[in-house]
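protein.tsv (TSV, C-alpha atoms)
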```
chain	number	residue	atom	x	y	z
A	1304	MET	CA	14.24	-16.12	-0.81
A	1305	THR	CA	12.45	-13.28	-2.51
A	1306	GLU	CA	13.94	-12.10	-5.75
A	1307	SER	CA	14.94	-8.50	-6.23
A	1308	ALA	CA	13.30	-6.06	-8.59
A	1309	LEU	CA	15.93	-3.43	-7.97
A	1310	THR	CA	19.35	-3.65	-6.36
A	1311	CYS	CA	21.56	-0.60	-5.85
A	1312	GLU	CA	25.03	-0.93	-4.36
A	1313	ASN	CA	26.71	2.21	-3.03
A	1314	ILE	CA	25.67	4.41	-5.91
A	1315	THR	CA	27.04	7.91	-6.19
A	1316	LYS	CA	25.98	10.32	-8.88
A	1317	THR	CA	27.21	13.89	-8.91
A	1318	TYR	CA	25.98	16.85	-10.93
A	1319	GLY	CA	28.60	19.56	-10.58
A	1320	LYS	CA	29.00	19.86	-6.83
A	1321	LYS	CA	25.61	18.41	-5.97
A	1322	LYS	CA	25.43	14.76	-5.04
A	1323	ALA	CA	22.13	13.60	-6.50
A	1324	LEU	CA	22.75	10.11	-5.14
A	1325	ASN	CA	25.15	9.54	-2.29
A	1326	ASN	CA	26.29	6.04	-1.37
A	1327	PHE	CA	22.77	4.90	-2.18
A	1328	LYS	CA	21.87	1.31	-1.26
A	1329	ILE	CA	18.64	-0.60	-1.58
A	1330	ASP	CA	17.37	-4.05	-2.39
A	1331	ALA	CA	13.69	-3.89	-3.34
A	1332	PRO	CA	11.76	-7.15	-3.69
A	1333	LYS	CA	9.82	-8.29	-6.74
A	1334	ASN	CA	6.04	-8.25	-7.15
A	1335	LYS	CA	5.36	-5.61	-4.53
A	1336	ILE	CA	4.33	-2.00	-4.57
A	1337	VAL	CA	7.43	-0.12	-3.57
A	1338	GLY	CA	7.15	3.48	-2.42
A	1339	VAL	CA	10.16	5.68	-3.07
A	1340	LEU	CA	9.53	8.53	-0.69
A	1341	GLY	CA	11.31	11.76	-0.07
A	1342	PRO	CA	11.04	15.53	-0.44
A	1343	ASN	CA	11.71	17.27	-3.72
A	1344	GLY	CA	15.39	17.13	-4.63
A	1345	SER	CA	16.13	14.02	-2.55
A	1346	GLY	CA	17.25	12.03	-5.60
A	1347	LYS	CA	14.07	10.17	-6.53
A	1348	SER	CA	14.02	11.24	-10.17
A	1349	THR	CA	17.75	10.60	-10.62
A	1350	LEU	CA	17.17	7.09	-9.32
A	1351	PHE	CA	14.28	6.57	-11.73
A	1352	ARG	CA	16.30	7.84	-14.66
A	1353	MET	CA	19.04	5.42	-13.66
A	1354	ILE	CA	16.54	2.55	-13.59
A	1355	THR	CA	15.61	3.32	-17.19
A	1356	GLY	CA	19.28	3.62	-18.20
A	1357	LEU	CA	19.08	7.34	-18.99
A	1358	VAL	CA	21.72	8.13	-16.36
A	1359	LYS	CA	24.70	6.02	-15.32
A	1360	PRO	CA	26.16	5.91	-11.80
A	1361	ASP	CA	29.58	7.56	-11.24
A	1362	HIS	CA	30.32	4.89	-8.66
A	1363	GLY	CA	28.55	1.77	-7.54
A	1364	SER	CA	26.24	-0.53	-9.43
A	1365	ILE	CA	22.57	-0.94	-10.21
A	1366	GLU	CA	20.60	-3.98	-11.32
A	1367	VAL	CA	17.02	-3.90	-12.54
A	1368	LEU	CA	15.30	-7.31	-12.65
A	1369	GLY	CA	18.77	-8.83	-12.31
A	1370	LYS	CA	20.30	-6.93	-15.23
A	1371	ILE	CA	22.22	-3.73	-15.84
A	1372	PRO	CA	19.71	-1.14	-17.12
A	1373	GLY	CA	19.74	-0.35	-20.83
A	1374	TRP	CA	17.50	-0.66	-23.86
A	1375	GLN	CA	17.11	-4.41	-23.32
A	1376	THR	CA	15.75	-3.96	-19.81
A	1377	ASN	CA	13.58	-1.05	-20.89
A	1378	ARG	CA	11.36	-3.43	-22.84
A	1379	ASP	CA	10.40	-4.85	-19.47
A	1380	ILE	CA	9.63	-1.47	-17.90
A	1381	ALA	CA	6.58	0.76	-18.25
A	1382	TYR	CA	7.74	4.22	-17.23
A	1383	LEU	CA	5.55	7.17	-16.32
A	1384	PRO	CA	7.73	10.27	-16.38
A	1385	ASP	CA	7.03	13.08	-13.95
A	1386	ARG	CA	5.71	15.28	-16.73
A	1387	ALA	CA	3.26	14.02	-19.28
A	1388	ARG	CA	3.75	14.96	-22.89
A	1389	TRP	CA	0.82	14.72	-25.19
A	1390	TYR	CA	-0.32	14.61	-28.77
A	1391	PRO	CA	-3.04	17.02	-29.77
A	1392	GLY	CA	-6.08	16.00	-31.77
A	1393	HIS	CA	-6.36	12.53	-30.30
A	1394	THR	CA	-9.14	10.95	-28.36
A	1395	VAL	CA	-8.46	8.56	-25.51
A	1396	GLY	CA	-9.62	5.70	-27.71
A	1397	ARG	CA	-7.12	6.64	-30.42
A	1398	ALA	CA	-4.35	6.88	-27.84
A	1399	PHE	CA	-5.15	3.29	-26.89
A	1400	ASP	CA	-5.05	2.24	-30.57
A	1401	TRP	CA	-1.70	3.93	-30.87
A	1402	ALA	CA	-0.42	2.13	-27.79
A	1403	SER	CA	-1.59	-1.26	-28.98
A	1404	ASN	CA	0.18	-0.72	-32.31
A	1405	PHE	CA	3.45	0.40	-30.84
A	1406	LEU	CA	3.67	-1.40	-27.52
A	1407	PRO	CA	3.66	-5.15	-28.10
A	1408	ASP	CA	2.76	-5.87	-24.48
A	1409	PHE	CA	-0.19	-3.43	-24.34
A	1410	ASP	CA	-3.42	-5.07	-23.32
A	1411	MET	CA	-6.42	-3.29	-24.80
A	1412	THR	CA	-8.95	-5.12	-22.64
A	1413	SER	CA	-7.17	-4.05	-19.45
A	1414	ALA	CA	-6.86	-0.51	-20.73
A	1415	GLU	CA	-10.57	-0.21	-21.47
A	1416	LYS	CA	-11.44	-1.74	-18.15
A	1417	LEU	CA	-9.14	0.64	-16.29
A	1418	ALA	CA	-10.57	3.58	-18.25
A	1419	ARG	CA	-14.07	2.65	-17.16
A	1420	TYR	CA	-12.83	2.20	-13.64
A	1421	MET	CA	-11.01	5.50	-13.54
A	1422	ASP	CA	-13.88	7.31	-15.17
A	1423	ILE	CA	-12.15	8.23	-18.42
A	1424	ASP	CA	-14.39	8.28	-21.48
A	1425	LEU	CA	-12.80	6.83	-24.63
A	1426	ASP	CA	-14.24	9.68	-26.73
A	1427	THR	CA	-12.61	12.42	-24.63
A	1428	GLN	CA	-10.32	14.67	-26.66
A	1429	THR	CA	-6.85	14.60	-25.13
A	1430	ARG	CA	-6.44	18.29	-25.99
A	1431	GLY	CA	-9.05	19.48	-23.52
A	1432	MET	CA	-8.12	17.19	-20.63
A	1433	SER	CA	-7.33	18.48	-17.15
A	1434	ARG	CA	-4.01	17.58	-15.57
A	1435	GLY	CA	-5.78	15.00	-13.49
A	1436	GLN	CA	-7.45	13.34	-16.48
A	1437	GLU	CA	-4.16	13.39	-18.33
A	1438	ALA	CA	-2.43	11.75	-15.37
A	1439	ARG	CA	-5.09	9.04	-15.36
A	1440	LEU	CA	-4.66	8.40	-19.08
A	1441	MET	CA	-0.86	8.21	-18.77
A	1442	LEU	CA	-1.23	5.82	-15.88
A	1443	ILE	CA	-3.53	3.56	-17.90
A	1444	LEU	CA	-1.04	3.54	-20.79
A	1445	CYS	CA	1.61	2.37	-18.31
A	1446	VAL	CA	-0.18	-0.19	-16.23
A	1447	ALA	CA	-2.13	-1.81	-19.06
A	1448	ARG	CA	1.16	-3.25	-20.29
A	1449	HIS	CA	2.17	-6.79	-19.41
A	1450	VAL	CA	5.63	-5.94	-18.16
A	1451	PRO	CA	7.36	-7.07	-14.98
A	1452	LEU	CA	8.17	-3.55	-13.78
A	1453	VAL	CA	6.08	-0.39	-13.72
A	1454	VAL	CA	7.83	2.81	-12.71
A	1455	LEU	CA	5.63	5.78	-11.79
A	1456	ASP	CA	7.39	9.05	-11.09
A	1457	GLU	CA	5.18	11.29	-8.93
A	1458	PRO	CA	1.84	10.03	-10.29
A	1459	PHE	CA	-0.11	11.97	-7.65
A	1460	SER	CA	1.49	15.36	-7.78
A	1461	GLY	CA	-0.38	18.40	-8.97
A	1462	ILE	CA	-3.65	16.62	-9.64
A	1463	ASP	CA	-7.08	16.99	-8.11
A	1464	VAL	CA	-8.29	14.81	-5.24
A	1465	ILE	CA	-10.82	12.96	-7.41
A	1466	SER	CA	-8.18	12.00	-9.95
A	1467	ARG	CA	-5.90	10.88	-7.19
A	1468	GLU	CA	-8.64	8.68	-5.76
A	1469	HIS	CA	-9.31	7.23	-9.19
A	1470	ILE	CA	-5.63	6.47	-9.66
A	1471	ILE	CA	-5.38	4.74	-6.30
A	1472	GLU	CA	-8.51	2.73	-7.09
A	1473	GLY	CA	-7.18	1.88	-10.52
A	1474	ILE	CA	-3.91	0.61	-9.07
A	1475	ILE	CA	-5.72	-1.53	-6.47
A	1476	GLU	CA	-8.16	-2.89	-9.02
A	1477	TYR	CA	-5.41	-3.74	-11.39
A	1478	LEU	CA	-3.16	-5.22	-8.74
A	1479	SER	CA	-5.74	-7.75	-7.68
A	1480	GLU	CA	-5.27	-9.36	-11.05
A	1481	ARG	CA	-1.57	-9.42	-11.68
A	1482	GLU	CA	1.88	-10.00	-10.34
A	1483	GLN	CA	4.13	-7.12	-11.07
A	1484	THR	CA	6.52	-4.79	-9.33
A	1485	ILE	CA	5.36	-1.19	-9.16
A	1486	LEU	CA	7.79	1.51	-8.09
A	1487	ILE	CA	6.05	4.74	-7.13
A	1488	SER	CA	7.86	7.89	-6.16
A	1489	THR	CA	5.95	10.50	-4.23
A	1490	HIS	CA	6.41	13.25	-1.71
A	1491	GLU	CA	2.73	13.09	-0.77
A	1492	ILE	CA	2.33	10.06	1.43
A	1493	HIS	CA	-0.99	10.69	3.06
A	1494	GLU	CA	-3.87	8.61	1.62
A	1495	VAL	CA	-1.48	6.54	-0.47
A	1496	GLU	CA	0.55	4.88	2.21
A	1497	GLY	CA	-1.75	1.86	2.52
A	1498	LEU	CA	-0.70	0.84	-0.98
A	1499	PHE	CA	2.97	0.38	-0.27
A	1500	GLU	CA	4.34	-2.96	0.87
A	1501	TYR	CA	7.94	-1.83	0.82
A	1502	ALA	CA	9.28	1.66	1.30
A	1503	VAL	CA	12.50	3.51	0.65
A	1504	LEU	CA	12.87	6.82	2.48
A	1505	MET	CA	15.24	9.09	0.63
A	1506	ASP	CA	16.97	12.22	1.72
A	1507	LYS	CA	19.87	14.06	0.09
A	1508	GLY	CA	20.58	11.15	-2.21
A	1509	GLU	CA	20.70	8.55	0.54
A	1510	ALA	CA	18.32	5.81	1.52
A	1511	ILE	CA	17.84	6.69	5.17
A	1512	TRP	CA	15.49	3.76	5.73
A	1513	SER	CA	14.22	0.92	3.57
A	1514	GLY	CA	12.19	-2.15	4.32
A	1515	ASP	CA	8.79	-3.71	4.80
A	1516	THR	CA	6.15	-1.05	5.51
A	1517	GLU	CA	4.48	-3.19	8.18
A	1518	GLU	CA	7.80	-3.30	10.05
A	1519	LEU	CA	8.16	0.42	9.63
A	1520	ARG	CA	4.70	0.91	11.17
A	1521	ALA	CA	5.42	-1.47	14.03
A	1522	GLN	CA	8.67	0.34	14.81
A	1523	TYR	CA	7.99	3.99	14.12
A	1524	GLY	CA	4.30	4.59	13.37
A	1525	SER	CA	2.65	5.79	10.20
A	1526	MET	CA	4.80	6.65	7.21
A	1527	HIS	CA	3.27	10.05	7.20
A	1528	SER	CA	4.51	10.79	10.73
A	1529	VAL	CA	7.79	8.89	10.26
A	1530	PHE	CA	8.43	11.02	7.26
A	1531	ARG	CA	8.01	14.19	9.23
A	1532	THR	CA	10.09	12.98	12.18
A	1533	PHE	CA	12.94	11.71	10.01
A	1534	TYR	CA	13.23	14.88	8.00
A	1535	LYS	CA	12.79	17.24	10.91
A	1536	ARG	CA	15.60	15.50	12.73
A	1537	ARG	CA	17.87	15.79	9.74
A	1538	LEU	CA	17.04	19.43	9.39
A	1539	THR	CA	18.05	20.12	12.99
A	1540	GLU	CA	21.22	18.07	12.61
A	1541	ASP	CA	22.17	20.22	9.66
A	1542	ASP	CA	21.65	23.40	11.61
A	1543	VAL	CA	24.18	22.38	14.25
B	85	MET	CA	-8.79	7.94	12.72
B	86	ASP	CA	-11.25	7.15	9.94
B	87	ILE	CA	-14.06	4.70	10.24
B	88	GLU	CA	-14.93	2.95	7.03
B	89	GLU	CA	-17.74	0.55	6.50
B	90	VAL	CA	-17.11	-2.13	3.92
B	91	GLY	CA	-19.71	-4.83	3.26
B	92	GLY	CA	-21.39	-4.31	6.62
B	93	ILE	CA	-18.17	-4.47	8.68
B	94	ARG	CA	-16.86	-1.35	10.35
B	95	PHE	CA	-13.13	-0.78	10.24
B	96	HIS	CA	-10.98	1.78	12.02
B	97	ILE	CA	-7.66	1.70	10.28
B	98	ASN	CA	-4.75	3.39	11.97
B	99	PHE	CA	-1.75	3.82	9.74
B	100	SER	CA	0.65	3.88	12.70
B	101	GLN	CA	0.19	0.19	13.28
B	102	PRO	CA	0.65	-2.84	11.05
B	103	LEU	CA	-2.38	-2.98	8.76
B	104	TYR	CA	-2.53	-6.73	8.45
B	105	GLU	CA	-3.11	-7.20	12.17
B	106	GLN	CA	-5.78	-4.51	12.28
B	107	ILE	CA	-7.79	-6.07	9.47
B	108	LEU	CA	-7.43	-9.50	11.03
B	109	ASP	CA	-8.37	-8.34	14.55
B	110	GLN	CA	-11.30	-6.25	13.42
B	111	ILE	CA	-12.89	-9.01	11.33
B	112	ARG	CA	-12.21	-11.54	14.08
B	113	SER	CA	-13.96	-9.43	16.66
B	114	ALA	CA	-16.84	-8.59	14.30
B	115	ILE	CA	-17.41	-12.34	13.97
B	116	ALA	CA	-16.96	-12.98	17.70
B	117	LYS	CA	-19.42	-10.21	18.59
B	118	GLY	CA	-21.91	-11.47	16.05
B	119	GLU	CA	-21.80	-8.27	14.00
B	120	ILE	CA	-21.37	-10.55	11.04
B	121	GLU	CA	-23.61	-13.54	11.24
B	122	LEU	CA	-22.81	-17.21	10.83
B	123	GLY	CA	-22.63	-18.21	7.18
B	124	GLU	CA	-22.69	-14.60	6.02
B	125	LYS	CA	-20.59	-13.50	3.07
B	126	ILE	CA	-17.71	-11.13	3.78
B	127	PRO	CA	-16.36	-8.60	1.27
B	128	SER	CA	-13.96	-9.89	-1.36
B	129	VAL	CA	-10.27	-9.09	-1.02
B	130	ARG	CA	-10.65	-6.54	-3.78
B	131	GLU	CA	-13.70	-4.83	-2.26
B	132	LEU	CA	-12.01	-4.50	1.09
B	133	ALA	CA	-8.74	-3.29	-0.43
B	134	GLN	CA	-10.70	-0.66	-2.36
B	135	GLY	CA	-12.80	0.35	0.62
B	136	LEU	CA	-9.80	0.79	2.91
B	137	ARG	CA	-7.31	1.93	0.25
B	138	ILE	CA	-4.94	-0.83	1.21
B	139	ASN	CA	-2.79	-3.12	-0.85
B	140	PRO	CA	-4.81	-6.24	-1.80
B	141	ASN	CA	-1.89	-8.47	-0.77
B	142	THR	CA	-2.16	-7.17	2.78
B	143	VAL	CA	-5.89	-7.93	2.85
B	144	MET	CA	-5.22	-11.33	1.33
B	145	ARG	CA	-2.79	-12.23	4.13
B	146	ALA	CA	-5.41	-11.37	6.74
B	147	TYR	CA	-8.01	-13.48	4.89
B	148	GLN	CA	-5.66	-16.46	4.79
B	149	GLU	CA	-5.18	-16.19	8.53
B	150	LEU	CA	-8.95	-16.06	9.12
B	151	GLU	CA	-9.29	-19.25	7.13
B	152	ARG	CA	-6.59	-20.89	9.22
B	153	ASP	CA	-8.50	-19.78	12.33
B	154	GLY	CA	-11.46	-21.71	10.96
B	155	LEU	CA	-13.59	-18.56	11.16
B	156	THR	CA	-14.14	-18.25	7.43
B	157	GLU	CA	-14.26	-20.54	4.45
B	158	LYS	CA	-13.80	-19.92	0.78
B	159	ARG	CA	-16.42	-21.25	-1.59
B	160	ARG	CA	-15.30	-21.73	-5.13
B	161	GLY	CA	-16.63	-19.00	-7.38
B	162	GLN	CA	-18.77	-17.49	-4.64
B	163	GLY	CA	-16.40	-15.74	-2.27
B	164	THR	CA	-15.53	-15.96	1.39
B	165	PHE	CA	-18.10	-16.75	4.07
B	166	VAL	CA	-18.15	-16.77	7.85
B	167	THR	CA	-18.19	-20.33	9.14
B	168	SER	CA	-21.68	-21.68	9.81
B	169	SER	CA	-20.45	-23.56	12.86
B	170	SER	CA	-21.47	-21.71	16.01
B	171	SER	CA	-19.14	-23.87	18.11
B	172	LYS	CA	-16.11	-22.63	16.14
B	173	VAL	CA	-17.09	-19.04	16.78
B	174	LYS	CA	-17.80	-19.78	20.43
B	175	THR	CA	-14.39	-21.39	20.88
B	176	PHE	CA	-12.73	-18.48	19.19
B	177	ARG	CA	-14.65	-16.01	21.34
B	178	MET	CA	-13.38	-17.79	24.44
B	179	GLU	CA	-9.83	-17.63	23.10
B	180	LEU	CA	-10.20	-13.89	22.60
B	181	ALA	CA	-11.61	-13.50	26.10
B	182	LYS	CA	-8.67	-15.46	27.55
B	183	ASP	CA	-6.23	-13.18	25.73
B	184	HIS	CA	-7.94	-10.05	26.99
B	185	ILE	CA	-8.07	-11.33	30.56
B	186	ALA	CA	-4.43	-12.39	30.50
B	187	ALA	CA	-3.40	-8.97	29.21
B	188	PHE	CA	-5.56	-7.21	31.79
B	189	LEU	CA	-4.23	-9.29	34.69
B	190	ASN	CA	-0.70	-8.77	33.52
B	191	GLN	CA	-1.13	-5.01	33.49
B	192	MET	CA	-2.85	-4.96	36.88
B	193	GLU	CA	-0.06	-7.05	38.39
B	194	ASN	CA	2.47	-4.67	36.90
B	195	LEU	CA	0.66	-1.88	38.67
B	196	GLY	CA	1.13	-3.81	41.93
B	197	PHE	CA	-2.46	-4.94	42.56
B	198	THR	CA	-3.07	-8.22	44.36
B	199	TRP	CA	-5.58	-10.74	43.13
B	200	THR	CA	-8.05	-9.85	45.91
B	201	GLU	CA	-7.80	-6.18	45.09
B	202	ILE	CA	-8.33	-6.93	41.42
B	203	LYS	CA	-11.42	-9.03	42.18
B	204	ASP	CA	-12.89	-6.37	44.46
B	205	TYR	CA	-12.13	-3.72	41.93
B	206	ILE	CA	-13.82	-5.67	39.16
B	207	SER	CA	-17.00	-6.41	41.08
B	208	ASN	CA	-17.32	-2.86	42.42
B	209	ASN	CA	-16.72	-1.42	39.04
B	210	TYR	CA	-19.13	-3.80	37.41
B	211	ASP	CA	-21.87	-3.05	39.96
B	212	ALA	CA	-21.31	0.66	39.52
B	213	SER	CA	-21.61	0.44	35.77
B	214	LYS	CA	-24.86	-1.54	36.12
B	215	GLY	CA	-26.28	0.88	38.67
B	216	GLY	CA	-25.63	-1.43	41.61
B	217	GLU	CA	-27.49	-4.44	40.17
B	218	GLN	CA	-26.51	-7.84	41.48
B	219	VAL	CA	-25.41	-10.37	38.94
```
Show me this structure written as structure tokens.
Amino acid sequence: MTESALTCENITKTYGKKKALNNFKIDAPKNKIVGVLGPNGSGKSTLFRMITGLVKPDHGSIEVLGKIPGWQTNRDIAYLPDRARWYPGHTVGRAFDWASNFLPDFDMTSAEKLARYMDIDLDTQTRGMSRGQEARLMLILCVARHVPLVVLDEPFSGIDVISREHIIEGIIEYLSEREQTILISTHEIHEVEGLFEYAVLMDKGEAIWSGDTEELRAQYGSMHSVFRTFYKRRLTEDDV
Amino acid sequence: MDIEEVGGIRFHINFSQPLYEQILDQIRSAIAKGEIELGEKIPSVRELAQGLRINPNTVMRAYQELERDGLTEKRRGQGTFVTSSSSKVKTFRMELAKDHIAAFLNQMENLGFTWTEIKDYISNNYDASKGGEQV
């Protein structure tokens, strides 16, 4: 039996009248790249905040690596938030030094290797970086950690094509070396879908489909087209 | 559909079908057709994953299956190579041919053709495509 990286049982989370998560159920396996896919506002970020213990479910239960999320589990998670915050006056190299001082599981050798691979120069000033370069740096700071779970919230959004390619290459390069679960949320599936081994399709706080991506392809076609079909259908249902 | 060339092998990856099978089938047929030669090195799992933008675990599964087929062999520290045994490739090529023929016959029978009609159709069609040459 494969172990679970993330188990959610009938989770509901309400903000005012809006149900951010609605009877949400998934069981995502360990050591795979899991794509959490859905349009903006479908509950992806709420889910990710719940994984890191920042938000608690109103109903239902969540287990991350077999435990209830909290500060203890957060030591095992490298989390890339959807917006990067940065420290002026640093170079990339100094950011790595900072990370290796403060993150006990940070692996400098991997970080430098990934930086070379993703075309980020260690002498670059973080102040002048483009969004794409910043996204690459944040990604390196996350994945260069020896932790069982990496959580990337929208790592591809709002960045240039080259940066996106570099990030995909970096993830593949890095994956060939290690066993780790990577959860990636995105609403841009094209070009990235080959990375995912397991997918969760979210809409209006529900998991409308989850499972092995190869099964999804065999049954419904590419994720890109499935995505459009699923959501179009739901749109029409709502209109009735 | 994109065509990517990785390490001398051409791939057409279609994301609407399982990726593992496509990688497996396309390397198998490249070997059967002789596009990759006996004893030649094939791309590493990482190179192919990078070239096709596909999860390395998916590529790895296809590579394990190729090894089980006896079409490739791993050499410690050197990578994966096509078998140097021409008889293995020949046998495999025949297996592929059998599969194709069985699928073709099945479809023709579903369309209601008799064996004689199928035979006539094949030889006429073949002659036409060769400009009427006798084989």
Notebook entry, point to check: How many Å lie between atom CA of Gly1369 of chain A and atom CA of Leu1455 of chain A, rounded to one decimal?
Noted result: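 Between atom CA of Gly1369 of chain A and atom CA of Leu1455 of chain A the gap is 19.7 Å.
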Next item on the list: With a distance cut-off of 9 Å and only C-alpha atoms, select the neighbouring residues of segment 1517-1526 of chain A, excluding the residue or stretch itself and same-chain residues fewer than 2 positions from it, and output the selection as an MDAnalysis selection string.
Entry: (chainID A and resid 1492:1493 1496 1500:1502 1512:1515 1528:1531) or (chainID B and resid 98:104)
Next item on the list: Could you give me, as a list in words, the residues that have an atom at most 9 Å away from the point (-14.9, -4.0, 3.9) in the coordinates of the file, using all atoms listed in the file?
Entry: Glu88, Glu89, Val90, Gly91, Gly92, Ile93, Arg94, Phe95, Ile126, Pro127, Ser128, Val129, Glu131, Leu132, Ala133, Gln134, Gly135 and Leu136 of chain B
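The protein and nucleic acid residues lying at most 7 Å from segment 1338-1354 of chain A are A:Ala1323, A:Leu1324, A:Val1358, A:Lys1359, A:Val1367, A:Pro1372, A:Leu1486, A:Ile1487, A:Ser1488, A:Thr1489, A:His1490, A:Phe1499, A:Tyr1501, A:Ala1502, A:Val1503, A:Leu1504, A:Met1505, A:Asp1506, A:Lys1507, A:Gly1508, with all atoms listed in the file considered and sequence neighbours fewer than 4 positions away removed.
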Notebook entry, point to check: Of the residues A:Thr1427, A:His1449, A:Ile1329, A:Gly1319, which is the one nearest to Thr1484 of chain A, using all atoms listed in the file?
Noted result: A:His1449
Next item on the list: Would you work out the distance separating atom CA of Asn1334 of chain A from atom CA of Asn1404 of chain A, expressed in Å to one decimal?
Entry: 26.9 Å
Margin query: Quick check, in Å to one decimal: how far apart do atom CA of Lys1535 of chain A and atom CA of Asp86 of chain B lie?
Written below: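 Taking atom CA of Lys1535 of chain A and atom CA of Asp86 of chain B, their separation equals 26.1 Å.
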Note to self: Under the rule that only C-alpha atoms are counted, which of A:Ile1465, A:Asp1400, A:Ser1460, A:Ala1381 is the nearest residue to Arg1448 of chain A?
What the structure shows: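 That would be A:Ala1381, the residue with the smallest distance to Arg1448 of chain A.
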Contacts of Thr1315 of chain A at 10 Å (only C-alpha atoms; same-chain gap of 4+ positions) as a short mmCIF file (atom, residue, chain, number, x, y, z; two decimals) with C-alpha atoms, in the coordinates of the input:
```
data_model
loop_
_atom_site.label_atom_id
_atom_site.label_comp_id
_atom_site.auth_asym_id
_atom_site.auth_seq_id
_atom_site.Cartn_x
_atom_site.Cartn_y
_atom_site.Cartn_z
CA LYS A 1322 25.43 14.76 -5.04
CA ALA A 1323 22.13 13.60 -6.50
CA LEU A 1324 22.75 10.11 -5.14
CA ASN A 1325 25.15 9.54 -2.29
CA ASN A 1326 26.29 6.04 -1.37
CA PHE A 1327 22.77 4.90 -2.18
CA LYS A 1328 21.87 1.31 -1.26
CA LYS A 1359 24.70 6.02 -15.32
CA PRO A 1360 26.16 5.91 -11.80
CA ASP A 1361 29.58 7.56 -11.24
CA HIS A 1362 30.32 4.89 -8.66
CA GLY A 1363 28.55 1.77 -7.54
CA SER A 1364 26.24 -0.53 -9.43
CA GLY A 1508 20.58 11.15 -2.21
CA GLU A 1509 20.70 8.55 0.54
#
```
Next item on the list: List every protein, DNA or RNA residue that has an atom no more than 12 Å from (-28.1, -18.5, 6.9) in the file's coordinate frame, counting all atoms listed in the file, and report them as an NGL selection string.
Entry: :B and (120-125 or 165-170)
Checklist line | Test item: residues at most 10 Å from Leu1478 of chain A, only C-alpha atoms, excluding those fewer than 2 positions along its chain, as a VMD selection string | finding: (chain A and resid 1334 to 1336 1446 1472 to 1476 1480 to 1485) or (chain B and resid 130 139 to 141)
Margin query: When you count only C-alpha atoms, which of these residues is closest to chain B: A:Tyr1420, A:Asp1456, A:Arg1434, A:Ile1365?
Written below: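 Answer, going by the shortest atom-to-atom distance: A:Tyr1420.
Closest approach to Arg137 of chain B among A:Tyr1534, A:Glu1491, A:Val1454, A:Glu1468 is made by A:Glu1468 (distances from all atoms listed in the file).
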Next item on the list: Within 6 Å of Thr1394 of chain A, counting only C-alpha atoms, which residues show up once you throw out same-chain ones fewer than 3 positions away? Write them as a list of chain:residue names, please.
Entry: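 Near neighbours after the sequence-gap exclusion: A:Arg1397, A:Asp1426, A:Thr1427, A:Gln1428, A:Thr1429.
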Would you mind exporting C-alpha atoms of the selected residues as a PDB file, in the coordinates of the input?
```pdb
ATOM      1  CA  ARG A1397      -7.120   6.640 -30.420  1.00  0.00           C
ATOM      2  CA  ASP A1426     -14.240   9.680 -26.730  1.00  0.00           C
ATOM      3  CA  THR A1427     -12.610  12.420 -24.630  1.00  0.00           C
ATOM      4  CA  GLN A1428     -10.320  14.670 -26.660  1.00  0.00           C
ATOM      5  CA  THR A1429      -6.850  14.600 -25.130  1.00  0.00           C
TER       6      THR A1429
END
```
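Among A:Ile1511, A:Val1495, A:Val1464, A:Val1453, the residue with the shortest atom-to-atom distance to chain B, counting all atoms listed in the file, is A:Val1495.
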Complete the atoms of segment 1434-1443 of chain A to N, CA and C atoms and put them out as a short mmCIF file (atom, residue, chain, number, x, y, z; two decimals), in the frame of the given file.
```cif
data_model
loop_
_atom_site.label_atom_id
_atom_site.label_comp_id
_atom_site.auth_asym_id
_atom_site.auth_seq_id
_atom_site.Cartn_x
_atom_site.Cartn_y
_atom_site.Cartn_z
N ARG A 1434 -5.24 18.28 -15.98
CA ARG A 1434 -4.01 17.58 -15.57
C ARG A 1434 -4.33 16.24 -14.95
N GLY A 1435 -5.40 16.23 -14.16
CA GLY A 1435 -5.78 15.00 -13.49
C GLY A 1435 -6.22 13.91 -14.46
N GLN A 1436 -7.01 14.32 -15.48
CA GLN A 1436 -7.45 13.34 -16.48
C GLN A 1436 -6.25 12.83 -17.28
N GLU A 1437 -5.35 13.75 -17.59
CA GLU A 1437 -4.16 13.39 -18.33
C GLU A 1437 -3.32 12.39 -17.54
N ALA A 1438 -3.20 12.65 -16.23
CA ALA A 1438 -2.43 11.75 -15.37
C ALA A 1438 -3.07 10.37 -15.36
N ARG A 1439 -4.42 10.34 -15.35
CA ARG A 1439 -5.09 9.04 -15.36
C ARG A 1439 -4.81 8.30 -16.66
N LEU A 1440 -4.91 9.02 -17.78
CA LEU A 1440 -4.66 8.40 -19.08
C LEU A 1440 -3.23 7.86 -19.16
N MET A 1441 -2.25 8.66 -18.73
CA MET A 1441 -0.86 8.21 -18.77
C MET A 1441 -0.67 6.97 -17.91
N LEU A 1442 -1.35 6.97 -16.77
CA LEU A 1442 -1.23 5.82 -15.88
C LEU A 1442 -1.78 4.56 -16.55
N ILE A 1443 -2.93 4.71 -17.22
CA ILE A 1443 -3.53 3.56 -17.90
C ILE A 1443 -2.56 3.04 -18.97
#
```
